Every structure is written in C-alpha cells, then in structure tokens.
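**Q** Submitted below is the structure of interest, expressed as structure tokens.
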Amino acid sequence: MPRRLDPESVVAHLPRLYRAARAWTDSRDEAEDLVQETCLRVLSRPRLLLNEDEIGYLMRALHNTLVSQRRAAGSRPRLVALDADPDGEDVALAAPGSGADPVEALENADLYAAIAELPVEFRDALVAIDVAGLSYKEAAHALGVPMGTVTSRLFRARDRLADRLRTPQERASDPQDRPA
C-alpha cells in the first residue's frame, strides 16, 4: 500500500543526506546546496512511497538531483569564485576561530578528495554505505543494483581508497608492493 512521505520526517534524514552530498561534491557549500535543492524538489509536492523506506527514496532523489545539476552545469560556462585559488580549491579548510582542528580538517579534505577520485559506481556504493550509513539492502535499492553488486563495488572502493590514502613509507614497507 502506498504511503505518503511525511515532510517532518525528512528533517531526521538531513545529516545522512549531507554526509552523502559532501562525499559526492567538491565543497561544503556545494553539498549544502545539493541537499537544499533535493529537499525543495521532494517537498514541492506530495510524494508517495511504494514499498520503500524514506532514506532510500531520499538518497535516490539526492543522487538524481546531483546528476541533473552536473548535466546542466556541463552545458554552461564555468564560474570561479573570487575567494578561490586558481585550481578551484577553497582557500581555507576551516574558518579561523571556528574551533575546527586544522589537522582533522586537512585529513577530511584528503579523504573527500580521495573519494571524489573513485570511479562513479564505486564512489556511489561507498557513499551510500560508509558515509550515509545505509544498509546493503537500502543501498542496493537506492542505487538500483543487486545487493551483490553493491557488496563487490564497496569492497573495491574501500580497497582503492585505502591504497590511495597510504603514505609512501607505508607503500614501501608493504611486501605486496615490492618488485619481485
């Protein structure tokens, strides 16, 4: 039996949606805008859920909004913010006096950059499970793939991410990485 998406319950899912959006995007601002745009689209009219959970539906809506935005952005000239460096990176990772640990902010930035470098299908599985906290079943439903595919993609994503985040010293000391 279809049930209506309760607008009040969407608020409870905002932290998970933001974490997923942050992993899929290049900046905190872009992630916030993505979540706001998704909520605006979803809540603009009544939505009926057919045999699915709210977070799975919202994650799929978030991903579809991201794809739509990127497709539209590809057909427009690229804008560069005045407070960004020439490479398009944010100038400051943490605002002065924000209380954020600069080392932690840098590590998070490295992690998000490494996630962004993953192939799309691996990144989507990793974001759904490890960042947004979906179950394997919820992630499979949200991504529209079998659960075994999610498991395989997640394993490969984690493996590539771990390799990417290892230091050169760790790589040198790993017997698997030494030439035969």
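Lettering and numbering for the structure tokens are positional, with chains as A, B, ... in the shown order, residues counted from 1 in each chain, and ligands counted from 1 in the shown order.
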Report as a Markdown table the residues of range 120-141 of chain A within 8 Å of range 20-26 of chain A, each with its shortest atom pair and distance in Å (one decimal), using only C-alpha atoms, ordered by chain and increasing residue number.
**A**
| residue | atom | partner | partner_atom | distance |
| --- | --- | --- | --- | --- |
| A:Arg123 | CA | A:Trp24 | CA | 7.8 |
| A:Asp124 | CA | A:Trp24 | CA | 8.0 |
| A:Val127 | CA | A:Ala20 | CA | 5.5 |
| A:Ala128 | CA | A:Ala20 | CA | 6.7 |
| A:Val131 | CA | A:Ala20 | CA | 5.7 |
| A:Ala132 | CA | A:Ala20 | CA | 5.2 |
**Q** Go ahead and save the picked residues with N, CA and C atoms, as a short mmCIF file (atom, residue, chain, number, x, y, z; two decimals), in the first residue's frame.
**A**
data_model
loop_
_atom_site.label_atom_id
_atom_site.label_comp_id
_atom_site.auth_asym_id
_atom_site.auth_seq_id
_atom_site.Cartn_x
_atom_site.Cartn_y
_atom_site.Cartn_z
N ARG A 123 32.27 4.93 -6.04
CA ARG A 123 32.01 6.07 -5.16
C ARG A 123 30.58 6.03 -4.64
N ASP A 124 29.62 5.74 -5.51
CA ASP A 124 28.22 5.70 -5.09
C ASP A 124 27.99 4.64 -4.02
N VAL A 127 29.71 5.84 -0.71
CA VAL A 127 28.96 6.94 -0.09
C VAL A 127 27.67 6.41 0.54
N ALA A 128 26.97 5.55 -0.16
CA ALA A 128 25.70 5.04 0.37
C ALA A 128 25.91 4.25 1.66
N VAL A 131 29.31 6.44 4.17
CA VAL A 131 29.11 7.85 4.50
C VAL A 131 27.67 8.10 4.98
N ALA A 132 26.70 7.63 4.20
CA ALA A 132 25.30 7.87 4.56
C ALA A 132 24.77 6.85 5.56
#
**Q** For Leu165 in chain A, list every protein, DNA or RNA residue within 9 Å, evaluated using only C-alpha atoms, and leave out those in the same chain fewer than 5 positions away; present the list as a ChimeraX atom specification.
**A** /A:110-111,114,160
**Q** List as a list in words the protein and nucleic acid residues near Met1 in chain A, meaning an atom at most 10 Å away when only C-alpha atoms are counted, but skip any in the same chain fewer than 3 places from it.
**A**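 Final neighbour list, sorted by chain and number: Leu48, Leu49, Leu50 and Asn51 of chain A.
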**Q** The selected residues should be written to file as a PDB file, in the first residue's frame (atoms: C-alpha atoms).
**A**
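The result, stored in result-v5.pdb:
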ATOM      1  CA  LEU A  48       4.008   8.538  -2.406  1.00  0.00           C
ATOM      2  CA  LEU A  49       6.394   5.792  -1.325  1.00  0.00           C
ATOM      3  CA  LEU A  50       5.731   2.357  -2.747  1.00  0.00           C
ATOM      4  CA  ASN A  51       7.307  -0.381  -0.632  1.00  0.00           C
TER       5      ASN A  51
END
**Q** Calculated over only C-alpha atoms, which of the candidates A:Asn64, A:Tyr136, A:Leu126, A:Pro146 has the smallest distance to Leu161 in chain A?
**A**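 Counting only C-alpha atoms, the residue closest to Leu161 in chain A is A:Leu126.
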**Q** What is the CA of Leu34 in chain A to CA of Met59 in chain A distance in Å?
**A** 11.5 Å
**Q** Between CA of Glu121 in chain A and CA of Gly133 in chain A, what is the distance in Å, rounded to a tenth?
**A** 16.9 Å
**Q** Check the smallest atom-to-atom distance from each of A:Thr65, A:Phe122, A:Leu43, A:Asp130 to Ser152 in chain A using only C-alpha atoms, then report the winner.
**A**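 For Ser152 in chain A, the nearest of the given residues is A:Phe122.
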**Q** Using only C-alpha atoms, which residues sit within 8 Å of Val35 in chain A once same-chain residues fewer than 3 positions away are excluded, as an mmCIF file with C-alpha atoms, in the first residue's frame?
**A**
data_model
loop_
_atom_site.group_PDB
_atom_site.id
_atom_site.type_symbol
_atom_site.label_atom_id
_atom_site.label_comp_id
_atom_site.auth_asym_id
_atom_site.auth_seq_id
_atom_site.Cartn_x
_atom_site.Cartn_y
_atom_site.Cartn_z
ATOM 1 C CA LEU A 14 19.293 15.580 6.773
ATOM 2 C CA LEU A 17 21.915 13.249 3.216
ATOM 3 C CA TYR A 18 24.504 15.934 3.923
ATOM 4 C CA ALA A 21 26.289 15.004 -0.590
ATOM 5 C CA ALA A 31 26.897 19.799 -0.549
ATOM 6 C CA GLU A 32 24.572 22.108 1.380
ATOM 7 C CA THR A 38 16.846 17.948 -3.216
ATOM 8 C CA CYS A 39 14.581 18.812 -0.294
ATOM 9 C CA LEU A 62 19.749 13.305 -3.888
#
**Q** Could you check how far CA of Ala162 in chain A sits from CA of Glu117 in chain A, in Å to one decimal?
**A** 12.5 Å
